[in-house]
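> This is coords_16.csv, which holds CSV, C-alpha atoms:
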chain,number,residue,atom,x,y,z
S,153,MET,CA,0.0,0.0,0.0
S,154,PHE,CA,1.6,3.2,1.2
S,155,LYS,CA,5.2,3.0,0.0
S,156,ASN,CA,6.4,4.3,3.4
S,157,ARG,CA,3.8,2.4,5.3
S,158,TYR,CA,6.4,0.7,7.6
S,159,LEU,CA,7.8,4.1,8.5
S,160,ALA,CA,4.3,5.5,9.1
S,161,LEU,CA,3.4,2.6,11.4
S,162,CYS,CA,6.7,2.9,13.2
S,163,ILE,CA,6.2,6.5,14.3
S,164,THR,CA,2.9,5.8,16.0
S,165,GLY,CA,2.9,5.5,19.8
S,166,ALA,CA,1.9,1.8,19.6
S,167,LEU,CA,5.0,0.9,17.6
S,168,ALA,CA,7.6,2.8,19.5
S,169,ALA,CA,10.7,0.8,18.3
S,170,CYS,CA,11.1,-0.3,14.7
S,171,GLY,CA,14.1,-2.3,13.7
S,172,GLY,CA,12.7,-4.7,11.2
S,173,GLN,CA,10.0,-7.1,10.2
S,174,ASP,CA,9.9,-9.0,13.5
S,175,THR,CA,9.4,-5.7,15.4
S,176,LEU,CA,6.2,-5.0,13.5
S,177,ASP,CA,4.9,-8.5,14.0
S,178,VAL,CA,5.5,-8.4,17.7
S,179,ALA,CA,3.9,-5.0,18.1
S,180,GLN,CA,0.8,-6.1,16.2
S,181,ASN,CA,0.5,-9.3,18.2
S,182,GLN,CA,0.8,-7.3,21.4
S,183,TYR,CA,-2.3,-5.2,20.5
S,184,GLY,CA,-4.5,-7.7,18.8
S,185,VAL,CA,-6.1,-11.1,19.1
S,186,THR,CA,-5.2,-14.1,17.0
S,187,VAL,CA,-8.1,-15.1,14.6
S,188,CYS,CA,-7.8,-17.8,12.0
S,189,ASP,CA,-9.7,-18.1,8.7
S,190,ASP,CA,-13.0,-20.0,8.4
S,191,GLY,CA,-11.4,-22.9,6.4
S,192,THR,CA,-11.0,-21.6,2.9
S,193,THR,CA,-8.9,-18.7,1.5
S,194,ILE,CA,-8.0,-17.3,-1.9
S,195,ARG,CA,-4.8,-15.5,-2.7
S,196,GLY,CA,-4.5,-11.9,-4.0
S,197,ILE,CA,-2.4,-8.8,-4.0
S,198,ASP,CA,-2.7,-5.0,-3.6
S,199,VAL,CA,-0.9,-2.6,-5.8
S,200,SER,CA,-0.2,1.1,-6.6
S,201,TYR,CA,1.8,2.8,-9.3
S,202,TYR,CA,5.0,1.8,-7.5
S,203,GLN,CA,4.6,-1.7,-9.1
S,204,GLY,CA,5.1,-0.2,-12.6
S,205,SER,CA,4.2,-2.3,-15.6
S,206,ILE,CA,2.3,-5.4,-14.6
S,207,GLN,CA,1.7,-8.5,-16.7
S,208,TRP,CA,-1.8,-9.4,-15.4
S,209,GLY,CA,-2.1,-12.7,-17.2
S,210,GLN,CA,1.0,-13.9,-15.4
S,211,VAL,CA,-0.4,-12.7,-12.1
S,212,TYR,CA,-3.5,-14.7,-12.7
S,213,ASP,CA,-1.5,-17.8,-13.8
S,214,ASP,CA,0.5,-17.4,-10.6
S,215,GLY,CA,-2.7,-18.2,-8.7
S,216,ARG,CA,-3.8,-14.7,-7.7
S,217,ARG,CA,-7.5,-14.3,-7.9
S,218,PHE,CA,-8.1,-10.7,-6.7
S,219,VAL,CA,-6.4,-7.4,-6.6
S,220,ILE,CA,-7.0,-4.2,-4.6
S,221,ILE,CA,-5.7,-1.1,-6.4
S,222,ARG,CA,-4.9,2.3,-4.9
S,223,ALA,CA,-7.2,5.0,-6.2
S,224,SER,CA,-5.6,7.9,-4.4
S,225,ASP,CA,-3.6,9.2,-1.5
S,226,GLY,CA,-6.2,11.5,0.2
S,227,VAL,CA,-7.4,14.2,-2.2
S,228,GLY,CA,-3.9,15.4,-3.1
S,229,PHE,CA,-2.7,12.6,-5.3
S,230,GLU,CA,-4.6,10.4,-7.7
S,231,ASP,CA,-2.8,7.2,-8.5
S,232,PRO,CA,-1.8,7.4,-12.2
S,233,LYS,CA,-2.0,3.7,-12.7
S,234,PHE,CA,-5.5,3.2,-11.2
S,235,GLU,CA,-7.6,3.1,-14.4
S,236,ALA,CA,-5.1,1.1,-16.4
S,237,TYR,CA,-4.6,-1.5,-13.6
S,238,TRP,CA,-8.4,-1.8,-13.2
S,239,GLY,CA,-9.1,-2.4,-16.8
S,240,ASN,CA,-6.2,-4.8,-17.4
S,241,SER,CA,-6.6,-6.8,-14.3
S,242,GLY,CA,-10.3,-7.3,-15.0
S,243,ASN,CA,-9.5,-8.4,-18.5
S,244,ALA,CA,-7.1,-11.0,-17.0
S,245,GLY,CA,-9.9,-12.4,-14.8
S,246,LEU,CA,-9.0,-11.0,-11.4
S,247,VAL,CA,-11.7,-9.8,-9.0
S,248,GLN,CA,-11.0,-6.1,-8.4
S,249,GLY,CA,-11.3,-3.5,-5.6
S,250,ALA,CA,-10.0,-0.1,-4.8
S,251,TYR,CA,-8.4,1.5,-1.7
S,252,GLN,CA,-7.8,5.1,-0.7
S,253,PHE,CA,-5.0,6.1,1.6
S,254,PHE,CA,-6.7,8.1,4.3
S,255,ARG,CA,-5.5,11.5,5.4
S,256,PRO,CA,-7.1,12.4,8.7
S,257,ASN,CA,-6.0,16.1,8.3
S,258,GLN,CA,-8.0,16.4,5.1
S,259,ASN,CA,-11.7,16.7,4.6
S,260,ALA,CA,-13.3,13.2,5.0
S,261,ARG,CA,-16.2,13.9,2.7
S,262,ASP,CA,-14.0,15.2,0.0
S,263,GLN,CA,-11.9,12.1,0.2
S,264,ALA,CA,-15.0,9.9,0.0
S,265,ASP,CA,-16.4,11.8,-3.0
S,266,LEU,CA,-13.1,11.4,-4.8
S,267,MET,CA,-13.1,7.7,-4.1
S,268,ILE,CA,-16.7,7.4,-5.4
S,269,SER,CA,-15.8,9.4,-8.5
S,270,LYS,CA,-12.9,7.1,-9.2
S,271,LEU,CA,-15.1,4.0,-8.8
S,272,ASN,CA,-17.8,5.4,-11.1
S,273,ALA,CA,-15.2,6.2,-13.7
S,274,VAL,CA,-14.2,2.5,-14.0
S,275,GLY,CA,-17.7,1.1,-13.9
S,276,PHE,CA,-17.8,-0.2,-10.3
S,277,ARG,CA,-20.0,-3.3,-10.1
S,278,ALA,CA,-21.8,-5.4,-7.5
S,279,SER,CA,-19.3,-8.2,-8.0
S,280,ASP,CA,-16.3,-5.9,-7.3
S,281,ILE,CA,-14.7,-5.7,-3.8
S,282,PRO,CA,-16.2,-3.0,-1.6
S,283,PRO,CA,-14.3,0.3,-1.3
S,284,VAL,CA,-11.4,0.3,1.2
S,285,LEU,CA,-10.2,3.0,3.5
S,286,ASP,CA,-6.5,2.6,4.3
S,287,VAL,CA,-6.1,3.9,7.9
S,288,GLU,CA,-2.5,4.0,9.1
S,289,VAL,CA,-1.5,7.6,9.9
S,290,THR,CA,-2.8,10.2,12.3
S,291,GLY,CA,-2.0,13.4,10.4
S,292,GLY,CA,-1.5,15.0,13.7
S,293,GLU,CA,-5.2,14.7,14.6
S,294,SER,CA,-6.7,13.5,17.8
S,295,ASN,CA,-8.2,10.1,18.2
S,296,ALA,CA,-11.7,11.5,18.4
S,297,THR,CA,-11.2,13.5,15.2
S,298,ILE,CA,-9.8,10.5,13.4
S,299,GLU,CA,-12.8,8.3,14.5
S,300,SER,CA,-15.3,11.0,13.5
S,301,LYS,CA,-13.7,11.4,10.1
S,302,ILE,CA,-13.5,7.7,9.4
S,303,ASN,CA,-17.2,7.4,10.2
S,304,THR,CA,-17.9,10.3,7.9
S,305,TRP,CA,-16.1,8.6,5.0
S,306,VAL,CA,-17.7,5.2,5.8
S,307,ASP,CA,-21.2,6.6,5.9
S,308,ARG,CA,-20.7,8.7,2.7
S,309,VAL,CA,-19.3,5.7,0.7
S,310,ARG,CA,-21.9,3.3,2.0
S,311,ASN,CA,-24.7,5.6,1.2
S,312,GLN,CA,-23.4,6.4,-2.3
S,313,THR,CA,-22.4,2.8,-3.3
S,314,GLY,CA,-24.8,0.7,-1.3
S,315,ARG,CA,-21.8,-1.4,-0.2
S,316,LYS,CA,-20.4,-2.1,3.3
S,317,PRO,CA,-16.9,-0.5,3.2
S,318,ILE,CA,-13.6,-2.2,4.3
S,319,ILE,CA,-11.1,-0.8,6.8
S,320,TYR,CA,-7.4,-1.6,6.3
S,321,THR,CA,-5.3,-1.2,9.4
S,322,SER,CA,-2.9,-3.0,11.8
S,323,PRO,CA,-3.6,-4.0,15.4
S,324,GLY,CA,-0.8,-1.8,16.6
S,325,PHE,CA,-2.0,1.3,14.8
S,326,TRP,CA,-5.7,0.8,15.6
S,327,SER,CA,-4.7,0.4,19.3
S,328,SER,CA,-2.8,3.6,19.2
S,329,ILE,CA,-5.9,5.5,18.2
S,330,GLY,CA,-8.0,4.0,20.9
S,331,ASN,CA,-9.5,0.9,19.1
S,332,PRO,CA,-12.5,2.8,17.7
S,333,ASP,CA,-15.6,0.9,16.9
S,334,ILE,CA,-16.6,1.7,13.3
S,335,PRO,CA,-20.0,0.0,12.6
S,336,ASN,CA,-20.9,-1.7,9.3
S,337,THR,CA,-17.4,-2.3,8.1
S,338,TYR,CA,-15.3,-5.3,7.1
S,339,LEU,CA,-11.7,-5.7,8.3
S,340,TRP,CA,-8.6,-6.0,6.1
S,341,VAL,CA,-5.8,-6.5,8.6
S,342,ALA,CA,-2.1,-5.8,8.0
S,343,HIS,CA,0.0,-8.4,9.9
S,344,TRP,CA,3.2,-9.3,8.2
S,345,THR,CA,4.1,-12.7,9.5
S,346,THR,CA,4.8,-16.3,8.5
S,347,ALA,CA,2.3,-17.5,11.1
S,348,SER,CA,-0.8,-19.3,9.9
S,349,CYS,CA,-3.2,-16.9,11.5
S,350,PRO,CA,-3.1,-13.1,11.9
S,351,SER,CA,-3.7,-10.9,14.9
S,352,ILE,CA,-6.6,-8.5,14.5
S,353,PRO,CA,-7.9,-5.4,16.4
S,354,PRO,CA,-10.5,-6.4,19.1
S,355,THR,CA,-13.0,-4.1,17.3
S,356,TRP,CA,-13.7,-6.8,14.8
S,357,ALA,CA,-14.6,-10.5,15.5
S,358,LYS,CA,-13.1,-11.8,12.2
S,359,TRP,CA,-11.0,-10.6,9.2
S,360,ARG,CA,-12.1,-10.6,5.6
S,361,PHE,CA,-8.7,-9.8,4.1
S,362,TRP,CA,-5.3,-10.4,5.5
S,363,GLN,CA,-2.1,-8.6,4.2
S,364,HIS,CA,0.5,-11.1,5.3
S,365,SER,CA,3.6,-9.8,3.6
S,366,SER,CA,4.9,-6.6,2.0
S,367,THR,CA,7.8,-8.3,0.3
S,368,GLY,CA,6.1,-11.0,-1.8
S,369,THR,CA,7.1,-12.2,-5.2
S,370,VAL,CA,4.5,-12.6,-7.9
S,371,SER,CA,4.9,-13.6,-11.5
S,372,GLY,CA,4.4,-10.6,-13.9
S,373,ILE,CA,5.5,-8.0,-11.3
S,374,ASP,CA,9.0,-6.8,-10.8
S,375,GLY,CA,10.1,-6.3,-7.2
S,376,ASN,CA,8.3,-6.6,-4.0
S,377,VAL,CA,4.5,-6.7,-3.9
S,378,ASP,CA,2.0,-6.9,-1.0
S,379,LEU,CA,0.4,-10.4,-0.6
S,380,ASP,CA,-3.1,-10.9,0.7
S,381,ARG,CA,-5.6,-13.6,1.5
S,382,PHE,CA,-9.4,-13.4,1.4
S,383,ASN,CA,-11.3,-15.4,4.1
S,384,GLY,CA,-13.7,-17.3,2.0
S,385,THR,CA,-14.2,-18.6,-1.6
S,386,LEU,CA,-14.1,-16.8,-4.9
S,387,THR,CA,-17.9,-16.7,-4.8
S,388,ASP,CA,-17.8,-15.1,-1.4
S,389,VAL,CA,-15.4,-12.3,-2.4
S,390,LYS,CA,-17.7,-11.5,-5.3
S,391,SER,CA,-20.7,-11.2,-3.0
S,392,LEU,CA,-19.4,-9.0,-0.2
In structure tokens, how does this file's structure come out?


Amino acid sequence: MFKNRYLALCITGALAACGGQDTLDVAQNQYGVTVCDDGTTIRGIDVSYYQGSIQWGQVYDDGRRFVIIRASDGVGFEDPKFEAYWGNSGNAGLVQGAYQFFRPNQNARDQADLMISKLNAVGFRASDIPPVLDVEVTGGESNATIESKINTWVDRVRNQTGRKPIIYTSPGFWSSIGNPDIPNTYLWVAHWTTASCPSIPPTWAKWRFWQHSSTGTVSGIDGNVDLDRFNGTLTDVKSL
């Protein structure tokens, strides 16, 4: 997701000391509860323009069945690869979704409206993955302000799309902002580990998506890529 996500997570109060991958995993375990999948998962990835040119047919042949693509970083930066990635990944047979990096110091409704506009432009469908809000920085705002703005975004997106949004976050960061309860959302948890089950914030009872690595290797993509799992079947992910 955010290219400097690890740095962003490190500077939160919950993750006071960051020396490497193990530090992040320990911090996330400290602030979450371990929850395993329901028995079936499918593999996917999330990407932004940092991944450059992607051979989507090779990604599909590598066993990836969904992709979540960055639409924007707040309202200040629209990902230049969003539309191309959306069209080409769909043509290759992947289930698609979009995420927006959340900037708590920007207007939440403006961010939601930009996300909705980007989805409308690519022909967002009922079988696509619901919109995602990527929550991992404070922007210098208070916990109460962050929670209020997340709710503003969630309510706006749900009302405009008719879909139940997804929150992406880590247990450590979510704890650092007070473990807010955001009703009517799914969880996409970031917990980079080789363990068979992730830790999740206590706000949610289960996870729908799990980003388990930020340094994965996938055919058709040069360099590192985020690896994800969906808790359910291909039919399930198309019917969220």

> Have a look at S:Thr186, S:Thr304, S:Ser391, S:Gln248 and name the one nearest to Ile334 (chain S); count all atoms listed in the file.

S:Thr304

> Which residue out of S:Gly249, S:Pro323, S:Gly375, S:Gly330 has the minimum interatomic distance to Trp359 (chain S) when all atoms listed in the file are used?

S:Pro323

> Pick out the closest residue to Val287 (chain S) from this set: S:Trp305, S:Tyr320, S:Trp208, S:Phe229. Count all atoms listed in the file.

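Ranked by minimum distance to Val287 (chain S), first place goes to S:Tyr320.
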
> Mind checking which residues fall within 8 Å of Tyr251 (chain S), counting all atoms listed in the file, ignoring those fewer than 5 positions away in the same chain, and posting them as a PyMOL selection string?

chain S and resi 220-224+283-286

> Which residues, written as JSON, numbers by chain, have at least one atom at most 7 Å from Tyr183 (chain S), with all atoms listed in the file counted and residues fewer than 6 positions away on the same chain left out?

{"S": [323, 324, 327, 353]}

> Go ahead and save the picked residues with C-alpha atoms, as a PDB file, in the frame of the given file.


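Dumped everything to result05.pdb:
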ATOM      1  CA  PRO S 323      -3.600  -4.000  15.400  1.00  0.00           C
ATOM      2  CA  GLY S 324      -0.800  -1.800  16.600  1.00  0.00           C
ATOM      3  CA  SER S 327      -4.700   0.400  19.300  1.00  0.00           C
ATOM      4  CA  PRO S 353      -7.900  -5.400  16.400  1.00  0.00           C
TER       5      PRO S 353
END

> Kindly indicate which residue among S:Gly204, S:Gly242, S:Pro335, S:Gly184 lies nearest to Thr321 (chain S), using only C-alpha atoms for the distances.

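The shortest atom-to-atom distance to Thr321 (chain S) comes from S:Gly184.
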
> Could you jot down the CA of Tyr212 (chain S) to CA of Arg381 (chain S) separation for me, Å, one decimal place?

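These two atoms are separated by 14.4 Å.
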
> Using Å and a single decimal, report how far CA of Asn243 (chain S) sits from CA of Ile319 (chain S).

26.5 Å

> Return the single residue from S:Ser371, S:Asn376, S:Ser269, S:Ser205 that is closest to Asn240 (chain S), with distances computed using all atoms listed in the file.

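Checking each candidate against Asn240 (chain S), we get S:Ser205 as the closest.
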
> Extract, using only C-alpha atoms, all DNA, RNA and protein residues at most 9 Å from Gln312 (chain S), discarding same-chain residues fewer than 4 positions from it, and format them as an mmCIF file with C-alpha atoms, in the coordinates of the input.


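Written output follows (result-v7.cif):
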data_model
loop_
_atom_site.group_PDB
_atom_site.id
_atom_site.type_symbol
_atom_site.label_atom_id
_atom_site.label_comp_id
_atom_site.auth_asym_id
_atom_site.auth_seq_id
_atom_site.Cartn_x
_atom_site.Cartn_y
_atom_site.Cartn_z
ATOM 1 C CA ASP S 265 -16.400 11.800 -3.000
ATOM 2 C CA ILE S 268 -16.700 7.400 -5.400
ATOM 3 C CA ASP S 307 -21.200 6.600 5.900
ATOM 4 C CA ARG S 308 -20.700 8.700 2.700
#

> Restricting the calculation to only C-alpha atoms: of S:Asn259, S:Thr193, S:Ser348, S:Thr297, which residue gets closest to Ile329 (chain S)?

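Looking only at the distances to Ile329 (chain S), the closest residue turns out to be S:Thr297.
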
> So the first atom is CA of Asp214 (chain S) and the second is CA of Ile197 (chain S); what is the distance between them in Å, to one decimal place?

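Separating CA of Asp214 (chain S) from CA of Ile197 (chain S) is a distance of 11.2 Å.
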